[in-house]
Amino acid sequence: MKGSIFALLGGAFITLQGVANSRISQDIGTWQAATITQLTGFVTALFILMFVRDGKWKRLTKVKPLYLTGGAFGAVVIYSNVTAIQYIGVTLSIAAILIAQLSLTFIVDGNGWFGVAKQKMKLPHFIGIGMMVAGVVIMR
């Protein structure tokens, strides 16, 4: 249940972040909006970390360097979301983003990338993605 709640919160905040960033970028530019978003996200995360004080900083040395690039992906995520929203609107952008996320997660799960357990993708999974794509085509 906790996982579902956090997933719903994450999805809601991704949408809100995209809309806010799109509005910010109209005033100052897309990369500037991405910079502000990354900075405020860093400050917020740092504040929460300092408040929680879980004392696990030493574990940072155990993280594979490839995985440390995850934050850099955020800049591309923000830029792409903002640009998509400006061109095709919020609803269509989020629908396309969800399809892209699910498609890539199928590849990650199917190949066991990043240390996740390999998952066998079955026909219902592909039908679901196909239905989502059809939905986006209909919305367009």
# chains A, B, ... in the order shown; residues from 1 in each chain; ligands from 1
>>> closest_atom_pairs(of="range 57-97 of chain A", to="range 24-35 of chain A", cutoff="10 Å", atoms="only C-alpha atoms", output="CSV")
residue,atom,partner,partner_atom,distance
A:Gly74,CA,A:Ala34,CA,8.4
A:Ala75,CA,A:Ala34,CA,5.9
A:Val76,CA,A:Ala34,CA,8.4
A:Val77,CA,A:Ala34,CA,8.8
A:Ile78,CA,A:Ala34,CA,5.6
A:Tyr79,CA,A:Thr30,CA,6.2
A:Ser80,CA,A:Thr30,CA,9.2
A:Asn81,CA,A:Thr30,CA,9.9
A:Val82,CA,A:Thr30,CA,6.9
A:Thr83,CA,A:Thr30,CA,7.6
A:Gln86,CA,A:Gln26,CA,9.0
>>> residues_around(residues="Ile97 in chain A", least_positions_apart="4", cutoff="10 Å", atoms="only C-alpha atoms", output="number ranges by chain")
A: 77, 80-81, 84, 91-93, 101-103
>>> write_last_selection(atoms="all heavy atoms", output="mmCIF file, in the first residue's frame")
data_model
loop_
_atom_site.group_PDB
_atom_site.id
_atom_site.type_symbol
_atom_site.label_atom_id
_atom_site.label_comp_id
_atom_site.auth_asym_id
_atom_site.auth_seq_id
_atom_site.Cartn_x
_atom_site.Cartn_y
_atom_site.Cartn_z
ATOM 1 N N VAL A 77 15.255 15.246 -18.298
ATOM 2 C CA VAL A 77 13.839 15.020 -18.013
ATOM 3 C C VAL A 77 13.098 16.358 -17.974
ATOM 4 O O VAL A 77 12.052 16.526 -18.616
ATOM 5 C CB VAL A 77 13.653 14.270 -16.667
ATOM 6 C CG1 VAL A 77 12.206 14.303 -16.218
ATOM 7 C CG2 VAL A 77 14.147 12.844 -16.775
ATOM 8 N N SER A 80 13.016 18.086 -21.472
ATOM 9 C CA SER A 80 12.114 17.369 -22.377
ATOM 10 C C SER A 80 10.651 17.576 -22.004
ATOM 11 O O SER A 80 9.805 17.808 -22.882
ATOM 12 C CB SER A 80 12.429 15.872 -22.366
ATOM 13 O OG SER A 80 13.759 15.661 -22.781
ATOM 14 N N ASN A 81 10.335 17.480 -20.722
ATOM 15 C CA ASN A 81 8.955 17.675 -20.273
ATOM 16 C C ASN A 81 8.457 19.079 -20.582
ATOM 17 O O ASN A 81 7.345 19.253 -21.088
ATOM 18 C CB ASN A 81 8.821 17.406 -18.777
ATOM 19 C CG ASN A 81 8.931 15.943 -18.424
ATOM 20 O OD1 ASN A 81 8.976 15.085 -19.287
ATOM 21 N ND2 ASN A 81 8.986 15.659 -17.145
ATOM 22 N N ALA A 84 7.983 19.486 -24.358
ATOM 23 C CA ALA A 84 6.813 18.730 -24.819
ATOM 24 C C ALA A 84 5.520 19.439 -24.433
ATOM 25 O O ALA A 84 4.600 19.563 -25.255
ATOM 26 C CB ALA A 84 6.837 17.320 -24.244
ATOM 27 N N THR A 91 -1.730 17.237 -21.096
ATOM 28 C CA THR A 91 -2.320 15.894 -21.120
ATOM 29 C C THR A 91 -1.597 14.964 -22.084
ATOM 30 O O THR A 91 -1.222 13.846 -21.728
ATOM 31 C CB THR A 91 -3.817 15.979 -21.494
ATOM 32 O OG1 THR A 91 -4.467 16.826 -20.544
ATOM 33 C CG2 THR A 91 -4.469 14.615 -21.485
ATOM 34 N N LEU A 92 -1.393 15.422 -23.300
ATOM 35 C CA LEU A 92 -0.730 14.590 -24.295
ATOM 36 C C LEU A 92 0.733 14.333 -23.919
ATOM 37 O O LEU A 92 1.250 13.225 -24.102
ATOM 38 C CB LEU A 92 -0.830 15.246 -25.674
ATOM 39 C CG LEU A 92 -0.637 14.347 -26.872
ATOM 40 C CD1 LEU A 92 -1.557 13.138 -26.829
ATOM 41 C CD2 LEU A 92 -0.874 15.136 -28.159
ATOM 42 N N SER A 93 1.373 15.342 -23.354
ATOM 43 C CA SER A 93 2.773 15.167 -22.923
ATOM 44 C C SER A 93 2.887 14.094 -21.853
ATOM 45 O O SER A 93 3.736 13.202 -21.946
ATOM 46 C CB SER A 93 3.341 16.482 -22.376
ATOM 47 O OG SER A 93 3.438 17.439 -23.377
ATOM 48 N N GLN A 101 8.057 5.835 -20.410
ATOM 49 C CA GLN A 101 8.534 5.237 -19.162
ATOM 50 C C GLN A 101 8.250 3.736 -19.131
ATOM 51 O O GLN A 101 9.128 2.938 -18.794
ATOM 52 C CB GLN A 101 7.882 5.901 -17.956
ATOM 53 C CG GLN A 101 8.419 7.268 -17.649
ATOM 54 C CD GLN A 101 7.709 7.891 -16.457
ATOM 55 O OE1 GLN A 101 6.510 7.747 -16.278
ATOM 56 N NE2 GLN A 101 8.468 8.606 -15.639
ATOM 57 N N LEU A 102 7.018 3.374 -19.444
ATOM 58 C CA LEU A 102 6.663 1.953 -19.414
ATOM 59 C C LEU A 102 7.447 1.148 -20.439
ATOM 60 O O LEU A 102 7.895 0.036 -20.160
ATOM 61 C CB LEU A 102 5.161 1.771 -19.644
ATOM 62 C CG LEU A 102 4.288 2.063 -18.440
ATOM 63 C CD1 LEU A 102 2.817 2.018 -18.828
ATOM 64 C CD2 LEU A 102 4.564 1.077 -17.315
ATOM 65 N N SER A 103 7.614 1.706 -21.623
ATOM 66 C CA SER A 103 8.365 0.988 -22.664
ATOM 67 C C SER A 103 9.802 0.736 -22.230
ATOM 68 O O SER A 103 10.321 -0.370 -22.378
ATOM 69 C CB SER A 103 8.340 1.782 -23.978
ATOM 70 O OG SER A 103 7.022 1.917 -24.448
#
>>> atom_distance(atom1="CA of Gly3 in chain A", atom2="CA of Gln17 in chain A")
20.5 Å
>>> residues_around(residues="Asp109 in chain A", least_positions_apart="6", cutoff="10 Å", atoms="only C-alpha atoms", output="PyMOL selection string")
chain A and resi 115-121
>>> select_by_dssp(residues="chain A", states="alpha helix (DSSP H)", output="PyMOL selection string")
chain A and resi 2-28+30-52+70-88+90-111+123-139
>>> closest_residue(among="A:Gly71, A:Val136, A:Phe51, A:Ile94", to="Phe13 in chain A", atoms="only C-alpha atoms")
A:Ile94
>>> atom_distance(atom1="CA of Tyr87 in chain A", atom2="CA of Phe6 in chain A")
29.1 Å
>>> closest_residue(among="A:Val137, A:Phe106, A:Ile36, A:Trp113", to="His125 in chain A", atoms="only C-alpha atoms")
A:Phe106
